[in-house]
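Peer 1: Structure: protein_8.txt, compact mmCIF, C-alpha atoms and all ligand atoms.
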# COMPACT_ATOMS: atom_id res chain seq x y z
CA MET Z 1 8.06 -21.74 12.40
CA ASN Z 2 6.16 -23.11 15.37
CA ALA Z 3 2.59 -24.39 15.31
CA SER Z 4 0.90 -21.31 16.74
CA GLN Z 5 2.53 -19.01 14.19
CA GLN Z 6 1.51 -21.36 11.44
CA ILE Z 7 -2.12 -21.27 12.58
CA ILE Z 8 -2.07 -17.47 12.65
CA ASP Z 9 -0.45 -17.35 9.20
CA THR Z 10 -3.08 -19.66 7.78
CA LEU Z 11 -6.09 -17.88 9.29
CA CYS Z 12 -4.79 -14.50 8.10
CA SER Z 13 -4.16 -15.60 4.53
CA ASP Z 14 -6.26 -14.18 1.69
CA TYR Z 15 -7.99 -17.55 1.31
CA TYR Z 16 -10.05 -16.84 4.44
CA ASP Z 17 -11.01 -13.30 3.32
CA GLY Z 18 -10.61 -11.81 6.78
CA ARG Z 19 -12.91 -14.50 8.27
CA GLY Z 20 -15.98 -12.36 7.67
CA TYR Z 21 -18.97 -12.52 5.39
CA PHE Z 22 -17.33 -11.44 2.15
CA ASN Z 23 -17.24 -14.49 -0.09
CA THR Z 24 -18.14 -16.70 2.93
CA GLY Z 25 -14.63 -16.54 4.39
CA ASP Z 26 -16.07 -17.37 7.82
CA ARG Z 27 -17.28 -20.77 6.65
CA ARG Z 28 -13.89 -21.74 5.25
CA ALA Z 29 -12.32 -20.71 8.56
CA ALA Z 30 -14.87 -22.81 10.48
CA SER Z 31 -14.09 -25.80 8.33
CA PHE Z 32 -10.32 -25.33 8.84
CA ILE Z 33 -10.77 -25.13 12.62
CA SER Z 34 -13.03 -28.19 12.75
CA GLU Z 35 -10.35 -30.12 10.85
CA GLN Z 36 -7.78 -28.97 13.42
CA PHE Z 37 -10.08 -30.10 16.24
CA LYS Z 38 -10.40 -33.48 14.58
CA ASN Z 39 -6.65 -33.86 13.96
CA ILE Z 40 -5.84 -32.93 17.53
CA GLY Z 41 -8.25 -35.58 18.74
CA LEU Z 42 -11.12 -33.56 20.20
CA ASP Z 43 -14.51 -35.26 20.10
CA PRO Z 44 -17.35 -33.41 18.36
CA TYR Z 45 -19.49 -31.66 20.97
CA TYR Z 46 -22.66 -32.55 19.09
CA LYS Z 47 -23.69 -35.89 17.69
CA ASN Z 48 -21.24 -36.39 14.81
CA SER Z 49 -20.64 -32.67 14.40
CA TYR Z 50 -18.45 -29.84 15.63
CA TYR Z 51 -20.85 -27.23 14.29
CA HIS Z 52 -23.34 -25.10 16.15
CA ASN Z 53 -25.29 -23.31 13.42
CA PHE Z 54 -27.10 -20.00 13.64
CA SER Z 55 -27.83 -17.04 11.41
CA LEU Z 56 -27.64 -13.28 11.55
CA ASN Z 57 -28.27 -10.26 9.36
CA VAL Z 58 -25.07 -8.66 8.19
CA ASN Z 59 -24.10 -5.74 5.95
CA THR Z 60 -21.41 -6.67 3.41
CA PHE Z 61 -19.30 -5.00 0.71
CA PRO Z 62 -18.91 -7.59 -2.05
CA GLY Z 63 -17.65 -5.29 -4.82
CA ILE Z 64 -16.25 -1.81 -5.25
CA VAL Z 65 -15.52 0.55 -2.38
CA SER Z 66 -13.70 3.53 -3.85
CA ILE Z 67 -13.09 7.23 -3.43
CA THR Z 68 -11.41 9.00 -6.31
CA THR Z 69 -10.27 12.58 -6.73
CA SER Z 70 -9.29 14.14 -10.04
CA LYS Z 71 -5.69 13.12 -9.25
CA LYS Z 72 -5.84 9.79 -7.45
CA SER Z 73 -7.75 6.90 -6.00
CA LEU Z 74 -7.62 6.73 -2.19
CA SER Z 75 -6.31 3.51 -0.71
CA PRO Z 76 -9.14 1.65 1.08
CA GLY Z 77 -8.25 0.76 4.66
CA HIS Z 78 -4.99 2.70 4.53
CA GLU Z 79 -6.37 6.17 3.78
CA PHE Z 80 -10.08 5.81 4.46
CA ILE Z 81 -12.78 3.51 5.81
CA ILE Z 82 -16.55 3.68 5.43
CA SER Z 83 -19.06 3.21 8.21
CA PRO Z 84 -19.88 -0.53 8.34
CA ASP Z 85 -23.61 0.18 7.97
CA ALA Z 86 -23.09 2.06 4.68
CA PRO Z 87 -25.56 1.61 1.80
CA SER Z 88 -24.68 1.38 -1.90
CA ILE Z 89 -23.79 4.81 -3.25
CA GLN Z 90 -22.69 6.03 -6.67
CA SER Z 91 -22.11 9.72 -6.24
CA LYS Z 92 -21.58 12.40 -8.82
CA PRO Z 93 -18.48 14.57 -8.37
CA LEU Z 94 -18.74 16.39 -5.03
CA THR Z 95 -16.73 19.31 -3.69
CA VAL Z 96 -15.15 18.75 -0.29
CA ASN Z 97 -15.68 21.55 2.23
CA HIS Z 98 -13.30 21.20 5.15
CA VAL Z 99 -14.99 22.25 8.40
CA THR Z 100 -12.27 23.23 10.83
CA LYS Z 101 -12.72 24.99 14.16
CA GLU Z 102 -11.46 28.19 12.52
CA VAL Z 103 -14.12 28.00 9.81
CA LEU Z 104 -16.84 27.55 12.43
CA LEU Z 105 -15.53 30.54 14.39
CA ASP Z 106 -15.35 32.74 11.29
CA LYS Z 107 -18.78 34.28 10.81
CA THR Z 108 -18.48 34.89 7.06
CA GLY Z 109 -16.93 31.52 6.36
CA TYR Z 110 -19.62 29.80 8.40
CA LYS Z 111 -22.44 31.65 6.60
CA LYS Z 112 -21.03 30.49 3.26
CA LEU Z 113 -21.17 26.89 4.46
CA LEU Z 114 -24.84 27.21 5.35
CA LYS Z 115 -25.66 28.31 1.80
CA LEU Z 116 -23.92 25.48 -0.03
CA ASP Z 117 -25.84 23.28 -2.46
CA TRP Z 118 -25.78 19.79 -0.93
CA GLU Z 119 -26.36 18.16 -4.31
CA THR Z 120 -22.80 19.03 -5.30
CA ASN Z 121 -21.03 19.69 -1.97
CA LEU Z 122 -20.10 17.62 1.01
CA LEU Z 123 -18.71 18.40 4.44
CA MET Z 124 -15.47 17.07 5.90
CA PHE Z 125 -15.31 17.62 9.65
CA ASP Z 126 -12.19 17.86 11.75
CA ASP Z 127 -12.37 16.04 15.08
CA ILE Z 128 -13.15 19.27 16.95
CA THR Z 129 -13.17 19.96 20.70
CA HIS Z 130 -16.08 22.36 20.69
CA ASP Z 131 -16.69 25.51 22.69
CA LYS Z 132 -20.17 26.98 23.09
CA THR Z 133 -20.08 28.92 19.81
CA THR Z 134 -18.66 26.15 17.62
CA GLN Z 135 -21.02 23.57 19.12
CA LYS Z 136 -24.07 25.69 18.32
CA ARG Z 137 -22.91 26.36 14.77
CA TYR Z 138 -21.91 22.73 14.21
CA ASP Z 139 -25.34 21.49 15.34
CA LYS Z 140 -27.13 23.96 13.09
CA LEU Z 141 -24.93 23.06 10.12
CA LEU Z 142 -25.58 19.34 10.57
CA LYS Z 143 -29.33 20.00 10.74
CA LYS Z 144 -29.20 21.74 7.37
CA TYR Z 145 -26.90 19.19 5.74
CA THR Z 146 -28.69 16.74 3.46
CA ASN Z 147 -25.95 14.99 1.47
CA PRO Z 148 -25.91 11.30 2.52
CA ILE Z 149 -22.09 11.31 2.61
CA THR Z 150 -20.22 12.86 5.54
CA ILE Z 151 -16.44 12.80 5.90
CA ARG Z 152 -14.65 12.85 9.21
CA VAL Z 153 -10.92 13.34 9.73
CA MET Z 154 -9.65 10.76 12.22
CA GLN Z 155 -6.23 10.01 13.71
CA LYS Z 156 -6.80 6.26 13.39
CA LEU Z 157 -9.03 4.16 11.14
CA THR Z 158 -10.89 1.51 13.14
CA TRP Z 159 -13.39 -0.65 11.27
CA SER Z 160 -16.19 -2.93 12.47
CA VAL Z 161 -19.22 -5.01 11.33
CA SER Z 162 -22.88 -3.97 11.19
CA ARG Z 163 -26.06 -6.03 11.26
CA ILE Z 164 -28.09 -3.21 9.72
CA GLN Z 165 -27.80 -0.95 6.70
CA ASN Z 166 -28.24 2.80 7.01
CA ASP Z 167 -29.23 5.24 4.27
CA LYS Z 168 -26.17 7.41 4.89
CA VAL Z 169 -22.43 6.83 5.06
CA THR Z 170 -19.74 8.36 7.22
CA ILE Z 171 -16.31 8.13 5.64
CA SER Z 172 -13.32 8.39 7.98
CA VAL Z 173 -10.10 9.67 6.43
CA LEU Z 174 -6.65 10.14 7.91
CA PRO Z 175 -5.38 13.75 8.19
CA ASP Z 176 -4.12 15.32 4.94
CA VAL Z 177 -5.64 12.65 2.69
CA LEU Z 178 -8.24 15.12 1.35
CA SER Z 179 -8.10 18.92 1.15
CA ASP Z 180 -10.64 21.69 1.03
CA LYS Z 181 -12.17 22.05 -2.46
CA ASP Z 182 -10.99 18.62 -3.65
CA GLU Z 183 -13.52 17.09 -5.98
CA ILE Z 184 -14.31 13.46 -5.13
CA THR Z 185 -16.49 10.66 -6.42
CA VAL Z 186 -17.69 7.96 -4.01
CA ASN Z 187 -18.59 4.49 -5.21
CA ILE Z 188 -19.81 1.86 -2.73
CA GLU Z 189 -21.39 -1.52 -3.40
CA ALA Z 190 -23.13 -2.75 -0.27
CA LYS Z 191 -25.35 -5.73 0.32
CA LEU Z 192 -27.34 -6.42 3.45
CA ILE Z 193 -27.70 -10.19 3.81
CA ASN Z 194 -30.63 -11.36 5.89
CA ASN Z 195 -30.26 -14.63 7.82
CA TYR Z 196 -26.67 -15.26 6.81
CA LYS Z 197 -25.79 -18.76 8.00
CA THR Z 198 -22.63 -19.15 10.04
CA ARG Z 199 -21.41 -21.49 12.78
CA ASN Z 200 -19.52 -21.91 16.03
CA VAL Z 201 -17.03 -24.78 16.14
CA VAL Z 202 -17.22 -26.88 19.30
CA GLY Z 203 -15.13 -29.86 20.43
CA LYS Z 204 -14.68 -31.64 23.75
CA ILE Z 205 -12.63 -33.99 25.88
CA VAL Z 206 -14.70 -36.00 28.36
CA GLY Z 207 -13.31 -35.72 31.90
CA THR Z 208 -11.61 -38.73 33.44
CA GLU Z 209 -12.90 -38.31 37.01
CA GLN Z 210 -15.73 -35.78 37.09
CA PRO Z 211 -17.14 -35.69 33.56
CA ASP Z 212 -20.21 -33.76 34.72
CA SER Z 213 -18.08 -30.78 35.76
CA ILE Z 214 -17.14 -28.65 32.78
CA ILE Z 215 -14.53 -26.06 31.87
CA PHE Z 216 -15.01 -24.05 28.70
CA VAL Z 217 -12.05 -22.69 26.75
CA THR Z 218 -13.28 -20.19 24.19
CA GLY Z 219 -12.35 -17.46 21.71
CA HIS Z 220 -13.75 -16.08 18.47
CA TYR Z 221 -12.40 -16.98 15.05
CA ASP Z 222 -14.38 -14.47 12.98
CA HIS Z 223 -13.03 -11.06 12.05
CA LEU Z 224 -14.23 -8.18 9.86
CA GLY Z 225 -13.91 -9.71 6.41
CA ARG Z 226 -13.27 -7.32 3.54
CA MET Z 227 -14.30 -3.71 3.01
CA GLY Z 228 -14.79 -4.21 -0.71
CA GLU Z 229 -12.80 -6.68 -2.76
CA ALA Z 230 -9.57 -4.66 -2.56
CA CYS Z 231 -9.34 -4.34 1.22
CA ILE Z 232 -8.84 -7.23 3.65
CA MET Z 233 -8.88 -7.05 7.45
CA PRO Z 234 -6.71 -10.04 8.46
CA GLY Z 235 -7.26 -9.99 12.25
CA ALA Z 236 -3.96 -11.55 13.34
CA ASN Z 237 -4.05 -10.45 16.95
CA ASP Z 238 -7.87 -10.26 16.84
CA ASN Z 239 -8.31 -13.17 17.10
CA ALA Z 240 -6.23 -15.65 15.08
CA SER Z 241 -3.89 -15.51 18.09
CA GLY Z 242 -6.67 -16.68 20.44
CA ILE Z 243 -7.54 -19.57 18.11
CA ALA Z 244 -3.88 -20.62 18.10
CA MET Z 245 -4.00 -20.61 21.91
CA ILE Z 246 -7.21 -22.68 22.00
CA LEU Z 247 -5.61 -25.26 19.68
CA ASP Z 248 -2.43 -25.35 21.80
CA LEU Z 249 -4.48 -25.91 24.96
CA ALA Z 250 -6.64 -28.54 23.25
CA SER Z 251 -3.51 -30.46 22.16
CA TYR Z 252 -2.11 -30.29 25.66
CA TYR Z 253 -5.30 -31.69 27.21
CA VAL Z 254 -5.61 -34.47 24.66
CA ASP Z 255 -2.12 -35.55 25.77
CA ASN Z 256 -2.89 -34.92 29.45
CA PRO Z 257 -6.52 -36.02 29.94
CA PRO Z 258 -8.29 -33.64 32.34
CA LYS Z 259 -10.28 -34.58 35.41
CA TYR Z 260 -13.24 -32.41 34.27
CA THR Z 261 -14.82 -32.38 30.86
CA MET Z 262 -13.29 -29.63 28.74
CA VAL Z 263 -15.15 -27.93 25.91
CA PHE Z 264 -13.25 -25.91 23.33
CA ILE Z 265 -15.21 -23.34 21.30
CA ALA Z 266 -14.23 -21.17 18.36
CA PHE Z 267 -17.05 -18.63 18.19
CA ALA Z 268 -18.40 -16.98 15.05
CA ALA Z 269 -19.83 -13.47 14.69
CA GLU Z 270 -18.19 -11.98 17.78
CA GLU Z 271 -17.32 -8.83 15.87
CA ALA Z 272 -20.96 -8.43 14.84
CA GLY Z 273 -21.91 -8.08 18.51
CA LEU Z 274 -21.11 -11.36 20.36
CA VAL Z 275 -23.77 -13.12 18.27
CA GLY Z 276 -22.22 -16.62 18.23
CA SER Z 277 -21.73 -16.82 21.98
CA TYR Z 278 -25.20 -15.36 22.56
CA PHE Z 279 -26.86 -18.20 20.62
CA PHE Z 280 -24.53 -20.78 22.11
CA VAL Z 281 -25.40 -19.83 25.69
CA GLN Z 282 -29.13 -19.73 24.81
CA ASP Z 283 -28.99 -23.32 23.54
CA LEU Z 284 -26.61 -24.49 26.25
CA ALA Z 285 -29.06 -23.42 28.95
CA LYS Z 286 -31.67 -25.79 27.42
CA SER Z 287 -29.41 -28.86 27.50
CA THR Z 288 -26.91 -28.45 30.34
CA PRO Z 289 -27.35 -27.44 34.00
CA LEU Z 290 -25.33 -24.22 34.03
CA GLY Z 291 -24.31 -24.92 37.61
CA SER Z 292 -22.15 -27.80 36.35
CA ILE Z 293 -19.87 -25.35 34.53
CA ARG Z 294 -16.91 -24.67 36.76
CA PHE Z 295 -15.45 -21.85 34.67
CA VAL Z 296 -15.20 -20.23 31.25
CA VAL Z 297 -11.78 -19.09 30.03
CA ASN Z 298 -12.27 -16.79 27.02
CA MET Z 299 -9.27 -15.52 25.07
CA ASP Z 300 -9.12 -12.64 22.63
CA LEU Z 301 -6.00 -10.69 21.53
CA MET Z 302 -3.34 -13.19 22.64
CA GLY Z 303 -0.52 -12.01 20.40
CA SER Z 304 1.35 -9.36 22.32
CA GLY Z 305 1.90 -9.79 26.05
CA GLN Z 306 5.08 -7.90 26.86
CA GLU Z 307 3.16 -5.98 29.53
CA GLY Z 308 1.28 -8.93 30.99
CA ILE Z 309 -2.26 -10.25 30.99
CA MET Z 310 -5.63 -8.68 31.82
CA ALA Z 311 -8.44 -10.68 33.41
CA VAL Z 312 -11.81 -9.07 32.68
CA ASN Z 313 -14.09 -10.22 35.57
CA GLY Z 314 -10.98 -10.56 37.76
CA ALA Z 315 -12.59 -8.06 40.13
CA VAL Z 316 -15.80 -10.14 40.15
CA PHE Z 317 -14.41 -13.66 40.73
CA THR Z 318 -11.81 -12.68 43.28
CA LYS Z 319 -10.95 -16.17 44.50
CA GLU Z 320 -10.08 -17.31 40.99
CA TYR Z 321 -8.17 -14.11 40.36
CA GLU Z 322 -6.03 -14.68 43.47
CA LEU Z 323 -5.31 -18.15 42.14
CA LEU Z 324 -4.23 -16.74 38.79
CA GLU Z 325 -2.06 -14.11 40.41
CA SER Z 326 -0.37 -16.59 42.77
CA ILE Z 327 0.45 -18.96 39.89
CA ASN Z 328 1.99 -16.14 37.92
CA GLU Z 329 3.98 -14.84 40.87
CA ALA Z 330 5.34 -18.28 41.70
CA ASN Z 331 6.40 -19.02 38.13
CA LYS Z 332 7.03 -15.55 36.66
CA TYR Z 333 5.30 -16.54 33.43
CA LEU Z 334 4.32 -12.96 32.54
CA PRO Z 335 5.46 -9.53 33.82
CA GLN Z 336 2.11 -9.01 35.60
CA THR Z 337 -1.55 -9.98 35.91
CA LYS Z 338 -4.21 -7.27 36.08
CA LYS Z 339 -7.95 -7.36 36.77
CA ARG Z 340 -11.04 -5.47 35.65
CA GLY Z 341 -14.73 -5.58 36.45
CA LYS Z 342 -17.32 -7.03 34.11
CA ALA Z 343 -17.55 -5.85 30.51
CA ALA Z 344 -19.56 -6.83 27.44
CA ASN Z 345 -16.45 -6.80 25.28
CA SER Z 346 -16.00 -10.44 24.26
CA ASP Z 347 -17.56 -13.90 24.25
CA HIS Z 348 -17.39 -14.55 28.01
CA TYR Z 349 -20.16 -11.98 28.53
CA PHE Z 350 -23.34 -14.01 28.00
CA PHE Z 351 -21.95 -16.86 30.10
CA THR Z 352 -21.40 -14.48 33.01
CA GLU Z 353 -24.85 -12.94 32.54
CA ALA Z 354 -26.32 -16.47 32.75
CA GLY Z 355 -24.55 -16.97 36.09
CA VAL Z 356 -21.52 -18.91 34.84
CA PRO Z 357 -18.19 -17.68 36.27
CA SER Z 358 -15.73 -16.58 33.61
CA PHE Z 359 -12.58 -14.65 32.81
CA PHE Z 360 -11.83 -12.93 29.57
CA PHE Z 361 -8.07 -12.87 29.09
CA TYR Z 362 -6.31 -10.47 26.76
CA LEU Z 363 -2.61 -9.78 26.60
CA MET Z 364 -1.17 -6.29 27.01
CA GLY Z 365 1.73 -5.01 24.97
CA PRO Z 366 2.88 -2.30 22.60
CA TYR Z 367 0.99 -3.72 19.60
CA SER Z 368 -1.44 -1.01 18.44
CA HIS Z 369 -3.11 -2.45 15.33
CA TYR Z 370 -6.76 -3.01 16.13
CA HIS Z 371 -9.63 -3.57 13.68
CA ASP Z 372 -7.55 -2.30 10.79
CA VAL Z 373 -5.64 -3.45 7.72
CA ASP Z 374 -2.38 -3.52 9.70
CA ASP Z 375 -3.39 -6.25 12.16
CA THR Z 376 -1.38 -8.66 10.01
CA ARG Z 377 0.68 -11.74 10.73
CA GLU Z 378 3.79 -9.78 9.62
CA ASN Z 379 3.17 -7.00 12.15
CA LEU Z 380 2.28 -9.48 14.85
CA THR Z 381 5.63 -11.20 14.96
CA LEU Z 382 4.55 -13.43 17.79
CA GLU Z 383 6.92 -12.71 20.58
CA LEU Z 384 7.38 -16.20 21.86
CA GLU Z 385 8.09 -15.48 25.49
CA PRO Z 386 4.74 -13.78 26.26
CA TYR Z 387 2.75 -16.25 24.14
CA ASN Z 388 4.36 -19.28 25.72
CA GLY Z 389 4.22 -17.68 29.15
CA SER Z 390 0.51 -17.02 28.82
CA PHE Z 391 -0.06 -20.57 27.54
CA ARG Z 392 1.62 -21.93 30.69
CA LEU Z 393 -0.23 -19.54 32.97
CA ILE Z 394 -3.65 -20.40 31.53
CA ARG Z 395 -2.83 -24.13 31.55
CA ASP Z 396 -1.75 -24.02 35.22
CA PHE Z 397 -4.79 -21.93 36.08
CA VAL Z 398 -7.19 -24.40 34.43
CA ASN Z 399 -5.43 -27.32 36.11
CA ALA Z 400 -5.67 -25.60 39.49
CA LEU Z 401 -9.41 -24.95 38.98
CA MET Z 402 -9.93 -28.69 38.66
CA PHE Z 403 -8.38 -29.24 42.08
CA GLN Z 404 -9.87 -26.26 43.87
CA GLU Z 405 -13.34 -26.46 45.35
CA LYS Z 406 -15.78 -23.84 44.18
ZN ZN Q 501 -11.70 -9.87 19.17
Go ahead and express the file in the form of structure tokens.
Ligand SMILES: [Zn+2]

Peer 2:
Amino acid sequence: MNASQQIIDTLCSDYYDGRGYFNTGDRRAASFISEQFKNIGLDPYYKNSYYHNFSLNVNTFPGIVSITTSKKSLSPGHEFIISPDAPSIQSKPLTVNHVTKEVLLDKTGYKKLLKLDWETNLLMFDDITHDKTTQKRYDKLLKKYTNPITIRVMQKLTWSVSRIQNDKVTISVLPDVLSDKDEITVNIEAKLINNYKTRNVVGKIVGTEQPDSIIFVTGHYDHLGRMGEACIMPGANDNASGIAMILDLASYYVDNPPKYTMVFIAFAAEEAGLVGSYFFVQDLAKSTPLGSIRFVVNMDLMGSGQEGIMAVNGAVFTKEYELLESINEANKYLPQTKKRGKAANSDHYFFTEAGVPSFFFYLMGPYSHYHDVDDTRENLTLELEPYNGSFRLIRDFVNALMFQEK
């Protein structure tokens, strides 16, 4: 097994609890990454420390998250997920009423729904494309509905992290997991933690010729943690793969000292809304002239690149994008490069908003597991050609930036 696969394997193991807030998995991941930084030979960015500390509010599920019918217990993550802002709930047995388009269109059936007792009944909605009639009836039904639990039938289960707790829960289930008139009991243990302490991990190599010019190489290490103790979200592609890439680039630049200073950052709390990079940029602006930052290369989803690489901001920083494209065309590292405009979808965002040029790179391929229990190291059998190709492309791109005038 090569080094990048080993890093992904480690970060996705149960020991790190999905690198979220359940059982402080994020802190163990931060400590692992800081050890890697040290072993590689990166200097701490701060005086004697790799850590940039901050805190955030976060909703967590430290205990039971279960849905049981009279016949079975649904598999968390595989058959259902709960909205990440869910509160604690211990329900009594509730009867599922499946709201299909047909039911909404059937006058008698619809009237029956309106008269249900919400103490003992809940609604399970199909993902309906509404017409005028169904939309009107759906809106009216929702207005009358008072049970704090709503079920929605979804084609894919995609989880996330919330910084607030709601007083209601939406449960997403895959098709055919629950049927009309099933009786279910919902049990959720939720805990909103205020001012949860977490940390970015930051290391550097001081430039040999122009140490006051800086290139940042970044990516987030956090993921979604666990949805209850029985359900882990490993986040192999998102973003253990990006951390592997950061470590590979850091090793390369320790062996090949760069002309500019290079700063390597593993961000925390990206999945909670880019929180780690937000605080980092806030503090950076107080200590460093932002004009001295030549470029930020942020990497997220670096595991599957059979269809090439996307540069978010490629349409904004056109000169740098042309450079990237020409390097790829000359060397055929990846099947293609593509560009997009700006987007608040990863940790490059607050740098760009502060006036620092950046790209957010993600790889494109057939891999479809995103924010779910199947984004595992087994499913992400790192296809070495795209990973190595993107390593070389990003390395050449960074090297070229150091020799190209702004
Ligand atoms: Zn991500």

Peer 1: Can you work out which residues are within 6 Å of ligand ZN 501 (chain Q), considering all atoms listed in the file, and then hand them over as a PyMOL selection string?

Peer 2: chain Z and resi 238-239+300

Peer 1: Excluding same-chain residues fewer than 2 positions from Z:Val297, what lies within 10 Å of it counting only C-alpha atoms, as a list in words?

Peer 2: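 In the requested form, the answer reads Ile215, Phe216, Val217, Thr218, Gly219, Ile246, Phe264, Phe295, Met299, Ala311, Asp347, His348, Pro357, Ser358, Phe359, Phe360, Phe361, Ile394, Phe397 and Val398 of chain Z.
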
Peer 1: Which residues, written as a ChimeraX atom specification, have at least one atom at most 7 Å from stretch 241-244 of chain Z, with all atoms listed in the file counted and residues fewer than 3 positions away on the same chain left out?

Peer 2: /Z:4,7-8,219,221,236-238,247-248,266,299-303

Peer 1: Can I get the residues of stretch 129-241 of chain Z within 8 Å of stretch 42-53 of chain Z, each with the closest pair of atoms and their distance in Å to one decimal, using only C-alpha atoms, sorted chain first then ascending number, as JSON lines?

Peer 2:
{"residue": "Z:Lys197", "atom": "CA", "partner": "Z:Asn53", "partner_atom": "CA", "distance": 7.1}
{"residue": "Z:Thr198", "atom": "CA", "partner": "Z:Asn53", "partner_atom": "CA", "distance": 6.0}
{"residue": "Z:Arg199", "atom": "CA", "partner": "Z:Asn53", "partner_atom": "CA", "distance": 4.3}
{"residue": "Z:Asn200", "atom": "CA", "partner": "Z:His52", "partner_atom": "CA", "distance": 5.0}
{"residue": "Z:Val201", "atom": "CA", "partner": "Z:Tyr51", "partner_atom": "CA", "distance": 4.9}
{"residue": "Z:Val202", "atom": "CA", "partner": "Z:Tyr50", "partner_atom": "CA", "distance": 4.9}
{"residue": "Z:Gly203", "atom": "CA", "partner": "Z:Pro44", "partner_atom": "CA", "distance": 4.7}
{"residue": "Z:Lys204", "atom": "CA", "partner": "Z:Asp43", "partner_atom": "CA", "distance": 5.1}
{"residue": "Z:Ile205", "atom": "CA", "partner": "Z:Leu42", "partner_atom": "CA", "distance": 5.9}

Peer 1: At a cut-off of 8 Å from (-24.1, -6.5, 9.9) in the coordinates of the file, what residues are picked up using all atoms listed in the file, written as an MDAnalysis selection string?

Peer 2: chainID Z and resid 56:60 84:85 161:165 192:193 272

Peer 1: Z:Ala354, Z:Ala29, Z:Ile81, Z:Ala344: which is nearest Z:Leu274, counting only C-alpha atoms?

Peer 2: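 Of Z:Ala354, Z:Ala29, Z:Ile81, Z:Ala344, the one nearest Z:Leu274, counting only C-alpha atoms, is Z:Ala344.
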
Peer 1: Any idea what's packed within 9 Å of Z:Asp180, counting all atoms listed in the file, ignoring anything in its chain fewer than 3 positions away? Could you give it as a list in words?

Peer 2: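 Contacts, in chain order: Thr95, Val96, Asn97, His98, Val99, Met124 and Glu183 of chain Z.
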
Peer 1: Limited to C-alpha atoms, could you put the picked residues into a file as a short mmCIF file (atom, residue, chain, number, x, y, z; two decimals), in the frame of the given file?

Peer 2:
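In the end it all went to out_37.cif:
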data_model
loop_
_atom_site.label_atom_id
_atom_site.label_comp_id
_atom_site.auth_asym_id
_atom_site.auth_seq_id
_atom_site.Cartn_x
_atom_site.Cartn_y
_atom_site.Cartn_z
CA THR Z 95 -16.73 19.31 -3.69
CA VAL Z 96 -15.15 18.75 -0.29
CA ASN Z 97 -15.68 21.55 2.23
CA HIS Z 98 -13.30 21.20 5.15
CA VAL Z 99 -14.99 22.25 8.40
CA MET Z 124 -15.47 17.07 5.90
CA GLU Z 183 -13.52 17.09 -5.98
#

Peer 1: Can you work out which one of Z:Gln155, Z:Thr170, Z:Ser73, Z:Asn256 has the shortest atom-to-atom distance to Z:Gly207, counting all atoms listed in the file?

Peer 2: Z:Asn256

Peer 1: Just checking: using only C-alpha atoms, which residue out of Z:Pro234, Z:Gln135, Z:Met402, Z:Thr318 ends up closest to Z:Asp9?

Peer 2: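 Looking at the shortest contact to Z:Asp9, the residue is Z:Pro234.
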
Peer 1: How far is it from atom CA of Z:Leu116 to atom CA of Z:Val169, in Å with one decimal?

Peer 2: 19.4 Å

Peer 1: Can you tell me how far atom CA of Z:Val153 sits from atom CA of Z:Ile171, in Å to one decimal?

Peer 2: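 Answer for the atom CA of Z:Val153 to atom CA of Z:Ile171 separation: 8.5 Å.
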
Peer 1: Could you tell me which of Z:Ser75, Z:Thr133, Z:Ser88, Z:Ser213 comes closest to Z:Val173 if we count all atoms listed in the file?

Peer 2: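 The shortest atom-to-atom distance to Z:Val173 comes from Z:Ser75.
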
Peer 1: Of the residues Z:Thr208, Z:Asn187, Z:Asn195, Z:Asn328, which is the one nearest to Z:Arg392, using only C-alpha atoms?

Peer 2: Z:Asn328

Peer 1: Point out the residue among Z:His223, Z:Lys111, Z:Lys338, Z:Arg137 with the least atom-to-atom distance to Z:Gly20, counting only C-alpha atoms.

Peer 2: Z:His223

Peer 1: Please identify all polymer residues within 12 Å of Z:Val356, counting only C-alpha atoms, omitting same-chain residues fewer than 3 positions from it, and present them as a list in words.

Peer 2: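 So, after excluding close chain neighbours, the residues are Ile214, Ile215, Phe216, Val281, Leu284, Ala285, Thr288, Pro289, Leu290, Gly291, Ser292, Ile293, Arg294, Phe295, Val296, Val297, Asn313, Val316, Phe317, His348, Tyr349, Phe350, Phe351, Thr352, Glu353 and Phe359 of chain Z.
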
Peer 1: What gap, in Å, lies between atom CA of Z:Glu320 and atom CA of Z:Gln282?

Peer 2: 25.1 Å
